[in-house]
Every structure is written in structure tokens, then in C-alpha cells.
$ cat query16.txt   # compact mmCIF, C-alpha atoms
# COMPACT_ATOMS: atom_id res chain seq x y z
CA MET A 1 47.11 -26.68 84.49
CA TYR A 2 48.15 -29.63 82.34
CA ILE A 3 45.87 -31.95 84.31
CA ILE A 4 42.94 -29.64 83.58
CA ILE A 5 43.90 -29.53 79.90
CA ALA A 6 44.08 -33.33 79.81
CA ILE A 7 40.65 -33.76 81.43
CA LEU A 8 39.06 -31.22 79.10
CA ALA A 9 40.75 -32.91 76.13
CA PHE A 10 39.16 -36.23 77.06
CA GLY A 11 35.80 -34.52 77.29
CA VAL A 12 36.23 -33.00 73.84
CA LEU A 13 37.36 -36.32 72.33
CA ILE A 14 34.29 -38.17 73.57
CA ALA A 15 31.93 -35.26 72.81
CA ILE A 16 33.23 -35.04 69.22
CA HIS A 17 32.77 -38.80 68.89
CA GLU A 18 29.13 -38.54 69.93
CA PHE A 19 28.67 -35.47 67.73
CA GLY A 20 29.72 -37.62 64.77
CA HIS A 21 26.92 -40.07 65.54
CA PHE A 22 24.52 -37.18 66.09
CA ILE A 23 25.17 -35.22 62.90
CA VAL A 24 25.06 -38.30 60.64
CA ALA A 25 21.96 -39.65 62.39
CA LYS A 26 20.24 -36.32 61.72
CA ALA A 27 21.40 -36.37 58.11
CA CYS A 28 19.99 -39.89 57.71
CA GLY A 29 16.63 -38.87 59.18
CA VAL A 30 17.00 -40.85 62.41
CA LYS A 31 15.24 -39.43 65.45
CA VAL A 32 17.64 -38.34 68.21
CA ASN A 33 15.98 -38.00 71.61
CA GLU A 34 18.92 -36.40 73.44
CA PHE A 35 22.41 -35.18 72.67
CA SER A 36 24.48 -34.59 75.79
CA ILE A 37 27.93 -33.17 76.42
CA GLY A 38 29.22 -34.53 79.70
CA MET A 39 27.80 -37.18 81.99
CA GLY A 40 25.98 -37.24 85.32
CA PRO A 41 23.46 -34.69 86.61
CA THR A 42 22.10 -32.17 84.10
CA LEU A 43 23.33 -28.60 84.50
CA LEU A 44 21.62 -27.05 81.49
CA LYS A 45 19.17 -28.36 78.94
CA LYS A 46 17.25 -27.00 76.00
CA GLN A 47 14.49 -28.79 74.18
CA GLY A 48 14.73 -28.49 70.44
CA ARG A 49 12.03 -29.46 67.96
CA GLU A 50 12.59 -33.13 68.78
CA THR A 51 16.01 -33.37 70.45
CA GLN A 52 16.94 -32.33 73.98
CA TYR A 53 20.40 -30.74 74.16
CA SER A 54 22.05 -31.18 77.55
CA LEU A 55 25.17 -30.05 79.39
CA ARG A 56 25.98 -32.35 82.29
CA LEU A 57 28.16 -32.03 85.35
CA LEU A 58 31.06 -34.39 84.61
CA PRO A 59 33.21 -33.09 81.72
CA ILE A 60 34.17 -36.59 80.58
CA GLY A 61 31.91 -38.28 78.10
CA GLY A 62 28.63 -37.61 76.43
CA PHE A 63 26.03 -39.52 74.48
CA CYS A 64 23.71 -39.45 71.50
CA ALA A 65 20.48 -41.19 72.46
CA MET A 66 18.75 -42.30 69.26
CA GLU A 67 15.23 -43.64 69.12
CA GLY A 68 15.17 -47.45 68.99
CA GLU A 69 18.90 -48.14 69.26
CA ASP A 70 18.45 -51.60 70.79
CA GLU A 71 14.84 -52.42 70.00
CA ASP A 72 12.13 -51.67 67.50
CA THR A 73 9.94 -49.01 69.12
CA GLY A 74 7.56 -48.86 66.19
CA ASP A 75 8.76 -45.41 65.10
CA GLU A 76 9.62 -45.34 61.39
CA ARG A 77 12.53 -43.03 62.18
CA ALA A 78 13.99 -45.35 64.81
CA PHE A 79 17.58 -46.50 64.34
CA ALA A 80 16.49 -50.16 64.36
CA ARG A 81 14.28 -49.57 61.28
CA GLN A 82 16.97 -48.02 59.09
CA ASP A 83 18.67 -49.88 56.25
CA PHE A 84 22.14 -51.37 56.46
CA LEU A 85 23.97 -48.43 54.87
CA LYS A 86 22.44 -45.77 57.13
CA LYS A 87 23.15 -47.79 60.26
CA ALA A 88 26.75 -48.39 59.19
CA LEU A 89 27.33 -44.71 58.39
CA ILE A 90 25.94 -43.63 61.76
CA LEU A 91 28.07 -46.15 63.66
CA VAL A 92 31.26 -45.32 61.76
CA ALA A 93 30.75 -41.57 62.11
CA GLY A 94 31.93 -41.42 65.74
CA ALA A 95 35.29 -43.00 64.98
CA GLY A 96 35.51 -40.96 61.79
CA MET A 97 35.18 -37.72 63.73
CA ASN A 98 37.86 -38.83 66.21
CA PHE A 99 40.24 -39.60 63.35
CA LEU A 100 39.43 -36.31 61.63
CA LEU A 101 40.08 -34.40 64.85
CA GLY A 102 43.45 -36.14 65.29
CA PHE A 103 44.32 -35.33 61.66
CA LEU A 104 43.39 -31.65 62.08
CA ILE A 105 45.39 -31.30 65.31
CA VAL A 106 48.48 -32.69 63.59
CA ALA A 107 47.87 -30.38 60.62
CA VAL A 108 47.76 -27.35 62.94
CA ILE A 109 50.96 -28.44 64.70
CA TYR A 110 52.74 -29.01 61.38
CA SER A 111 51.54 -25.69 59.97
CA SER A 112 54.53 -23.97 61.57
CA ALA A 113 57.07 -26.65 60.60
CA ARG A 114 60.04 -25.62 58.48
CA TYR A 115 61.51 -29.03 57.61
CA PHE A 116 60.52 -32.70 57.79
CA SER A 117 62.84 -35.65 58.10
CA THR A 118 62.82 -38.19 55.26
CA SER A 119 63.83 -41.82 54.84
CA ARG A 120 66.58 -40.90 52.34
CA VAL A 121 70.08 -41.78 53.50
CA VAL A 122 72.38 -38.78 53.09
CA GLU A 123 75.52 -40.49 54.30
CA THR A 124 76.79 -43.39 56.34
CA VAL A 125 78.62 -42.67 59.56
CA GLU A 126 82.37 -43.23 59.55
CA GLY A 127 83.05 -46.81 60.55
CA PHE A 128 79.68 -48.03 59.25
CA GLN A 129 80.30 -51.69 58.43
CA TYR A 130 77.39 -52.32 56.06
CA ALA A 131 77.93 -49.63 53.43
CA GLU A 132 79.47 -51.90 50.79
CA ASN A 133 76.90 -54.69 50.70
CA GLY A 134 73.75 -53.05 52.03
CA VAL A 135 72.35 -49.58 52.52
CA MET A 136 74.31 -46.87 50.75
CA ALA A 137 74.24 -43.10 50.68
CA GLY A 138 71.50 -41.94 48.32
CA ASP A 139 69.19 -44.87 49.10
CA GLU A 140 65.64 -44.17 50.20
CA ILE A 141 64.43 -46.69 52.78
CA TRP A 142 61.08 -47.82 51.40
CA SER A 143 60.01 -50.60 53.77
CA ILE A 144 61.22 -52.82 56.61
CA ASP A 145 59.73 -56.31 56.91
CA GLY A 146 56.82 -55.13 54.76
CA HIS A 147 56.15 -51.99 56.80
CA ARG A 148 56.26 -48.76 54.80
CA VAL A 149 58.84 -46.27 56.05
CA PHE A 150 57.87 -42.61 55.70
CA TYR A 151 60.61 -40.85 57.67
CA SER A 152 63.65 -41.52 59.83
CA SER A 153 61.75 -42.24 63.06
CA ASP A 154 59.84 -45.01 61.24
CA PHE A 155 63.18 -46.58 60.40
CA SER A 156 64.26 -46.61 64.04
CA MET A 157 60.87 -47.88 65.23
CA TYR A 158 60.67 -50.87 62.89
CA MET A 159 64.35 -51.74 63.22
CA SER A 160 63.95 -51.86 67.00
CA ARG A 161 61.13 -54.41 66.57
CA ALA A 162 62.93 -56.54 63.99
CA GLY A 163 64.66 -59.84 64.63
CA GLU A 164 68.25 -60.74 63.90
CA THR A 165 67.76 -59.91 60.23
CA VAL A 166 65.23 -57.89 58.24
CA ASP A 167 63.86 -57.77 54.72
CA MET A 168 64.53 -54.19 53.70
CA VAL A 169 63.46 -52.54 50.45
CA VAL A 170 65.31 -49.42 49.30
CA ILE A 171 64.86 -47.23 46.26
CA ARG A 172 68.19 -46.98 44.47
CA ASP A 173 68.62 -45.26 41.12
CA GLY A 174 64.85 -45.17 40.70
CA ARG A 175 64.38 -48.92 41.29
CA LYS A 176 63.23 -50.89 44.31
CA VAL A 177 65.99 -53.13 45.60
CA LEU A 178 65.34 -55.89 48.14
CA LEU A 179 68.01 -56.39 50.78
CA ASP A 180 66.66 -59.64 52.24
CA ASP A 181 67.94 -61.18 55.48
CA TYR A 182 69.84 -57.98 56.08
CA GLY A 183 71.68 -57.78 59.41
CA LEU A 184 71.68 -54.06 60.16
CA LYS A 185 71.94 -53.59 63.92
CA PRO A 186 72.60 -50.58 66.15
CA ALA A 187 76.17 -49.90 67.16
CA GLN A 188 78.05 -47.26 69.09
CA TYR A 189 79.43 -44.63 66.75
CA ALA A 190 81.29 -41.43 67.46
CA ASP A 191 78.12 -39.33 67.19
CA GLY A 192 75.97 -41.53 69.44
CA TYR A 193 73.95 -44.72 69.54
CA ARG A 194 72.67 -45.14 65.99
CA TYR A 195 72.40 -47.53 63.09
CA GLY A 196 75.20 -45.72 61.30
CA LEU A 197 72.94 -43.80 58.94
CA THR A 198 72.29 -40.08 58.56
CA PHE A 199 68.94 -39.16 57.03
CA GLY A 200 68.02 -36.11 54.99
CA SER A 201 65.18 -33.63 55.25
CA VAL A 202 62.77 -31.80 52.98
CA LYS A 203 61.49 -28.23 53.11
CA ALA A 204 57.99 -28.01 54.64
CA ASP A 205 55.91 -26.42 51.89
CA LEU A 206 52.12 -26.77 51.84
CA TRP A 207 52.19 -30.09 49.98
CA GLN A 208 54.77 -31.59 52.34
CA LYS A 209 52.76 -30.43 55.37
CA LEU A 210 49.66 -32.17 54.07
CA LYS A 211 51.64 -35.27 53.15
CA TYR A 212 53.40 -35.55 56.49
CA THR A 213 50.15 -34.90 58.35
CA THR A 214 48.74 -37.93 56.51
CA TYR A 215 51.87 -39.96 57.25
CA THR A 216 51.70 -39.14 60.96
CA SER A 217 47.98 -39.91 61.20
CA TRP A 218 48.53 -43.26 59.52
CA ASN A 219 51.48 -43.94 61.82
CA PHE A 220 49.20 -43.37 64.80
CA VAL A 221 46.96 -46.14 63.45
CA ARG A 222 49.94 -48.47 63.01
CA MET A 223 51.15 -47.75 66.54
CA VAL A 224 47.74 -48.71 67.95
CA TRP A 225 47.85 -51.99 66.03
CA MET A 226 51.37 -52.66 67.25
CA GLY A 227 50.21 -52.07 70.82
CA LEU A 228 47.30 -54.48 70.35
CA SER A 229 49.65 -57.03 68.81
CA ASP A 230 52.01 -56.75 71.78
CA LEU A 231 49.06 -57.23 74.14
CA VAL A 232 47.83 -60.35 72.33
CA THR A 233 51.29 -61.90 72.10
CA GLY A 234 52.05 -61.14 75.74
CA ALA A 235 54.86 -58.70 74.99
CA VAL A 236 53.03 -56.29 77.29
CA GLY A 237 50.55 -57.05 80.05
CA LEU A 238 47.47 -55.36 81.47
CA ARG A 239 49.62 -53.76 84.16
CA GLU A 240 51.41 -51.81 81.46
CA MET A 241 48.17 -50.46 80.02
CA SER A 242 46.88 -47.06 81.09
CA GLY A 243 43.35 -45.79 81.49
CA VAL A 244 42.09 -42.24 81.83
CA VAL A 245 43.91 -41.64 85.13
CA GLY A 246 47.21 -42.97 83.79
CA ILE A 247 46.95 -41.02 80.54
CA VAL A 248 46.07 -37.80 82.37
CA GLY A 249 49.11 -38.36 84.59
CA THR A 250 51.33 -38.97 81.55
CA ILE A 251 50.07 -35.82 79.82
CA ASN A 252 50.71 -33.79 82.96
CA GLU A 253 54.22 -35.23 83.28
CA VAL A 254 55.05 -34.59 79.63
CA GLY A 255 53.78 -31.02 79.87
CA GLN A 256 55.88 -30.29 82.94
CA GLN A 257 59.02 -31.86 81.45
CA VAL A 258 58.73 -29.98 78.16
CA GLU A 259 58.08 -26.70 79.96
CA GLU A 260 61.12 -27.23 82.22
CA THR A 261 63.32 -28.11 79.23
CA THR A 262 62.19 -25.40 76.83
CA ARG A 263 61.01 -22.76 79.30
CA SER A 264 57.97 -22.45 77.06
CA VAL A 265 54.37 -23.17 78.00
CA TRP A 266 53.40 -23.11 74.33
CA ALA A 267 55.95 -25.82 73.53
CA ALA A 268 54.46 -27.93 76.32
CA ILE A 269 50.92 -27.38 75.04
CA GLU A 270 52.01 -28.30 71.51
CA GLU A 271 53.51 -31.56 72.78
CA ILE A 272 50.33 -32.27 74.74
CA MET A 273 48.19 -31.63 71.67
CA TYR A 274 50.34 -34.09 69.73
CA LEU A 275 49.52 -36.70 72.40
CA VAL A 276 45.84 -35.74 72.21
CA ALA A 277 45.92 -36.29 68.44
CA PHE A 278 47.38 -39.76 69.01
CA ILE A 279 44.70 -40.52 71.62
CA ALA A 280 41.98 -39.33 69.20
CA VAL A 281 43.19 -41.74 66.52
CA ASN A 282 43.60 -44.44 69.18
CA LEU A 283 39.95 -44.02 70.17
CA ALA A 284 38.91 -44.21 66.52
CA VAL A 285 40.72 -47.51 65.98
CA MET A 286 39.67 -49.06 69.29
CA ASN A 287 36.02 -48.15 68.75
CA LEU A 288 35.99 -49.99 65.43
CA LEU A 289 37.21 -53.28 66.92
CA PRO A 290 34.54 -56.01 66.58
CA ILE A 291 33.90 -56.12 70.33
CA PRO A 292 30.34 -56.10 71.73
CA ALA A 293 29.21 -52.69 73.04
CA LEU A 294 31.71 -50.85 70.84
CA ASP A 295 30.77 -49.33 67.50
CA GLY A 296 32.84 -51.99 65.76
CA GLY A 297 30.86 -54.71 67.54
CA ARG A 298 27.60 -53.15 66.39
CA ILE A 299 28.90 -52.94 62.82
CA PHE A 300 29.96 -56.60 63.05
CA PHE A 301 26.41 -57.53 64.07
CA LEU A 302 25.05 -55.54 61.14
CA PHE A 303 26.83 -57.99 58.85
CA ILE A 304 25.73 -61.00 60.95
CA ASN A 305 22.11 -59.85 60.90
CA LEU A 306 22.29 -59.19 57.16
CA ILE A 307 23.52 -62.74 56.54
CA LEU A 308 20.91 -64.27 58.88
CA GLU A 309 18.16 -62.28 57.22
CA LYS A 310 19.24 -63.48 53.77
CA VAL A 311 19.40 -67.10 54.92
CA PHE A 312 16.25 -67.30 57.06
CA ARG A 313 14.18 -64.59 55.34
CA LYS A 314 13.47 -63.07 58.73
CA LYS A 315 14.98 -60.26 60.77
CA PRO A 316 16.61 -61.45 64.02
CA ASP A 317 15.04 -60.12 67.20
CA PRO A 318 17.22 -57.09 68.19
CA LYS A 319 16.82 -57.87 71.90
CA TYR A 320 19.31 -60.76 71.65
CA GLU A 321 21.95 -58.48 70.18
CA ALA A 322 21.16 -55.98 72.95
CA TYR A 323 21.86 -58.69 75.54
CA ILE A 324 25.26 -59.40 73.98
CA HIS A 325 26.17 -55.71 73.91
CA ALA A 326 25.06 -55.35 77.53
CA ALA A 327 27.32 -58.26 78.52
CA GLY A 328 30.15 -56.71 76.53
CA MET A 329 29.65 -53.41 78.32
CA VAL A 330 29.88 -55.15 81.71
CA LEU A 331 33.15 -56.81 80.68
CA LEU A 332 34.56 -53.54 79.35
CA LEU A 333 33.63 -51.73 82.54
CA GLY A 334 35.30 -54.50 84.53
CA LEU A 335 38.46 -54.15 82.45
CA MET A 336 38.39 -50.37 82.88
CA ALA A 337 38.03 -50.85 86.65
CA VAL A 338 41.09 -53.14 86.72
CA ILE A 339 43.12 -50.61 84.72
CA LEU A 340 41.88 -47.79 86.97
CA VAL A 341 43.04 -49.65 90.09
CA SER A 342 46.41 -50.30 88.41
CA ASP A 343 46.76 -46.60 87.53
CA VAL A 344 45.94 -45.54 91.08
CA MET A 345 48.44 -48.03 92.53
CA LYS A 346 51.15 -46.65 90.24
CA LEU A 347 50.42 -43.13 91.48
CA ILE A 348 50.55 -44.27 95.10
CA ARG A 349 53.90 -45.95 94.58

$ encode --input "query16.txt" --output "C-alpha cells"
Amino acid sequence: MYIIIAILAFGVLIAIHEFGHFIVAKACGVKVNEFSIGMGPTLLKKQGRETQYSLRLLPIGGFCAMEGEDEDTGDERAFARQDFLKKALILVAGAGMNFLLGFLIVAVIYSSARYFSTSRVVETVEGFQYAENGVMAGDEIWSIDGHRVFYSSDFSMYMSRAGETVDMVVIRDGRKVLLDDYGLKPAQYADGYRYGLTFGSVKADLWQKLKYTTYTSWNFVRMVWMGLSDLVTGAVGLREMSGVVGIVGTINEVGQQVEETTRSVWAAIEEIMYLVAFIAVNLAVMNLLPIPALDGGRIFFLFINLILEKVFRKKPDPKYEAYIHAAGMVLLLGLMAVILVSDVMKLIR
């Protein structure tokens, strides 16, 4: 069941992405030839006034085929003939819808929350060796090495990535206090493996639910950037990355584990939806990277073309950009194939 949920979730994520392009393209007056949910052979189709709406066999993916995406077809309503702002809005809309979906999923999950953890230190655990010259009860952890801390799990996450010492900012008596080169490290205390700090909580009223939904959505963005940073620095390799197969397997595993632990299918589905929200935000961030074939790459070329047009007083031929995006697509498909093989090998093992 959880595998089916995961596959359908991927279909929804990509369909909502393409719907973002579609709805903004329509609003901007761009001609859309076809809007499809799913990929592969057509199961159902309906011809609208100018757009064909299709439902295709494979429930993963979809597309919004706009007139003149990669070349000037001569149609005044073609994408290629639109001004900079309209093109940018259309390209950003897909990622925007993914982020909005992730935000809304988190908001629904948090709607039933009763309390949220905070970054305010309630007390220090007995035996805590840093209480006198560092963090004290009543402090609110504001940031660690420049990273804003919203709640207790942020504290643990950024402390686990810190070096021997950290620059920590706390709010104490209404003022920000810098604890620079602060050596707060985990130790074994009577109540478990912790940093020696106990954090408080706040009642989940409507304002707090909205605020923590925003915090969590922003944290998803930061987690994606941390993952990209680890990939660039070599902290993680391609073998540790997961594609669709790996993510579907992870979702299925998480669902089964939560159900076994809680004896509740709804708890498992809630945990899965939290993962789906993270994936939605992940897709939004990844799609805006300045990589050819991605929306971010197309936006990057909007700026390049704008500069070239200002300098040379002539619009660059869109076919050259199309060649670059085509090459980028080939490379992306190759990378996806490598990750797919890696995912399959993990399942076999």
C-alpha cells in the first residue's frame, strides 16, 4: 500500500509542478498546446478551445507543452515571443507550486499539533559542565555558526555538523550574546546521549502553527542545500544518493516501521506525507538550480540573453540555447540512470 502511495505522490508532485507552468502561462496569454497528467501512451484526451488535456498511462510525470518553447514559431502568443517578466514567472511557477504544496502538507499535519518544541533552554542536565561560562537556563539559542535555530532539532542538527568549537548566539535577558569559539559537545548523561540541555515548548495555537509551518518549510530548503554542499565537498557520494526507486523504497520502509511501532495506519500515512512535503520542497529547490534543461537553467539563460541583447542590440537565436538544454537533458538522464542502477543494486543486496 505504501509503495502505491509513494508512486501516486510522485505523480502528484510532478503534475502539480506542470500545473504551475500551465496556469501561469494561461494567465500570461501564452498558448498551451497540451497539458498532460502522466507520461507514455494516451488513455484519455479532450480537446479544449486551444489546449488538449490528456491523461496518460504512466502515473509519474506530466508536461505542459507551450507554443514556441525552444524556437520562434511566428505565433505572437508563443513562449519565445514573451517579455522577460512573463517568461520568468512561467518558469518559476512550477517550483513555486511544489513549494506551496509542501507548505500546505506541513500545515495540514501541524493542524492537529498541541505543542511545538522551542530553542529556549529550560534547564541544564545535572553534571552539565558548561553552565557557568556558556549556555544557561533561560537562554534562547538564536543561531549556531550563523545558522538560525528555530527549535530544538535545529540545535542538534547544526551542532552535529559543527567543528571542535562553534560561534553560538543566544538571547539572554532580551539581548543577543555571542558565545564565540564555544566548545559544547555531546556527552553521556543520566537521561541519555545529549548535549546536556533541556528545551522548552510552546502551546500550538493558530499563530504558532502557521509560524512553525513556515519554519519547517524553510528548514526543508536548508536541508536540501546542506545535502548539495555535502555532495560538492565529497562528504557524500553518488552511491549515497537516491532516485525515484530508492525514495519509493524508503517511503515504504518508513510507513511499515511507523505502522509496526504505533499500530496505526494513519500515523504511518502522516509520516509519509511529511516525507512527501520534504520531497516537494526538494523538487522546488533542485528545479531552480542554474543547470541546463531545468527551470533554473532556463531562467539563467533569460538573464544571459537579456545581457546579450542589451550589448549587441540583437536577440540571440533560441536554437543555440535549445541545443544546450538538450545536452543538459542527456546528462541529467545519464545521471538518473546511474542512480537508478545504484538503487536497484541496493535492493538486490

$ atom_distance --input "query16.txt" --atom1 "CA of Gly20 in chain A" --atom2 "CA of Ile5 in chain A"
22.3 Å

$ closest_residue --input "query16.txt" --among "A:Val30, A:Asn287, A:Asp173, A:Ser119" --to "Leu332 in chain A" --atoms "only C-alpha atoms"
A:Asn287

$ residues_near_point --input "query16.txt" --point "(37.5, -33.4, 75.2)" --cutoff "10 Å" --atoms "all atoms listed in the file" --output "list of chain:residue names"
A:Ile5, A:Ala6, A:Ile7, A:Leu8, A:Ala9, A:Phe10, A:Gly11, A:Val12, A:Leu13, A:Ile14, A:Ala15, A:Ile16, A:His17, A:Ile37, A:Gly38, A:Pro59, A:Ile60, A:Gly61, A:Gly62, A:Val276, A:Ala280

$ closest_residue --input "query16.txt" --among "A:Val122, A:Leu89, A:Ala107, A:Ile3" --to "Lys209 in chain A" --atoms "only C-alpha atoms"
A:Ala107

$ residues_around --input "query16.txt" --residues "Ile105 in chain A" --least-positions-apart "3" --cutoff "10 Å" --atoms "all atoms listed in the file" --output "tab-separated table (two decimals) with C-alpha atoms, in the frame of the given file"
chain	number	residue	atom	x	y	z
A	99	PHE	CA	40.24	-39.60	63.35
A	100	LEU	CA	39.43	-36.31	61.63
A	101	LEU	CA	40.08	-34.40	64.85
A	102	GLY	CA	43.45	-36.14	65.29
A	108	VAL	CA	47.76	-27.35	62.94
A	109	ILE	CA	50.96	-28.44	64.70
A	110	TYR	CA	52.74	-29.01	61.38
A	111	SER	CA	51.54	-25.69	59.97
A	213	THR	CA	50.15	-34.90	58.35
A	217	SER	CA	47.98	-39.91	61.20
A	270	GLU	CA	52.01	-28.30	71.51
A	273	MET	CA	48.19	-31.63	71.67
A	274	TYR	CA	50.34	-34.09	69.73
A	275	LEU	CA	49.52	-36.70	72.40
A	276	VAL	CA	45.84	-35.74	72.21
A	277	ALA	CA	45.92	-36.29	68.44
A	278	PHE	CA	47.38	-39.76	69.01
A	280	ALA	CA	41.98	-39.33	69.20

$ atom_distance --input "query16.txt" --atom1 "CA of Gly246 in chain A" --atom2 "CA of Ile339 in chain A"
8.7 Å

$ closest_residue --input "query16.txt" --among "A:Phe301, A:Phe155, A:Tyr320, A:Phe84" --to "Tyr195 in chain A" --atoms "only C-alpha atoms"
A:Phe155

$ residues_around --input "query16.txt" --residues "Val135 in chain A" --least-positions-apart "6" --cutoff "9 Å" --atoms "all atoms listed in the file" --output "count of residues only"
7

$ closest_residue --input "query16.txt" --among "A:Ala293, A:Ile269, A:Leu231, A:Val24" --to "Val92 in chain A" --atoms "only C-alpha atoms"
A:Val24

$ atom_distance --input "query16.txt" --atom1 "CA of Lys26 in chain A" --atom2 "CA of Leu57 in chain A"
25.3 Å

$ closest_residue --input "query16.txt" --among "A:Phe116, A:Met226, A:Val254, A:Glu259" --to "Gly200 in chain A" --atoms "all atoms listed in the file"
A:Phe116

$ closest_residue --input "query16.txt" --among "A:Arg263, A:Arg175, A:Phe300, A:Gln257" --to "Leu288 in chain A" --atoms "all atoms listed in the file"
A:Phe300

$ residues_near_point --input "query16.txt" --point "(64.7, -32.8, 53.2)" --cutoff "12 Å" --atoms "all atoms listed in the file" --output "list of chain:residue names"
A:Arg114, A:Tyr115, A:Phe116, A:Ser117, A:Thr118, A:Ser119, A:Arg120, A:Val121, A:Val122, A:Glu140, A:Tyr151, A:Ser152, A:Thr198, A:Phe199, A:Gly200, A:Ser201, A:Val202, A:Lys203, A:Ala204, A:Asp205, A:Gln208

$ axis_aligned_box --input "query16.txt" --around "range 265-281 of chain A" --padding-each-side "6 Å" --output "AutoDock Vina command-line options"
--center_x 49.0 --center_y -32.4 --center_z 72.3 --size_x 26.0 --size_y 30.6 --size_z 23.5
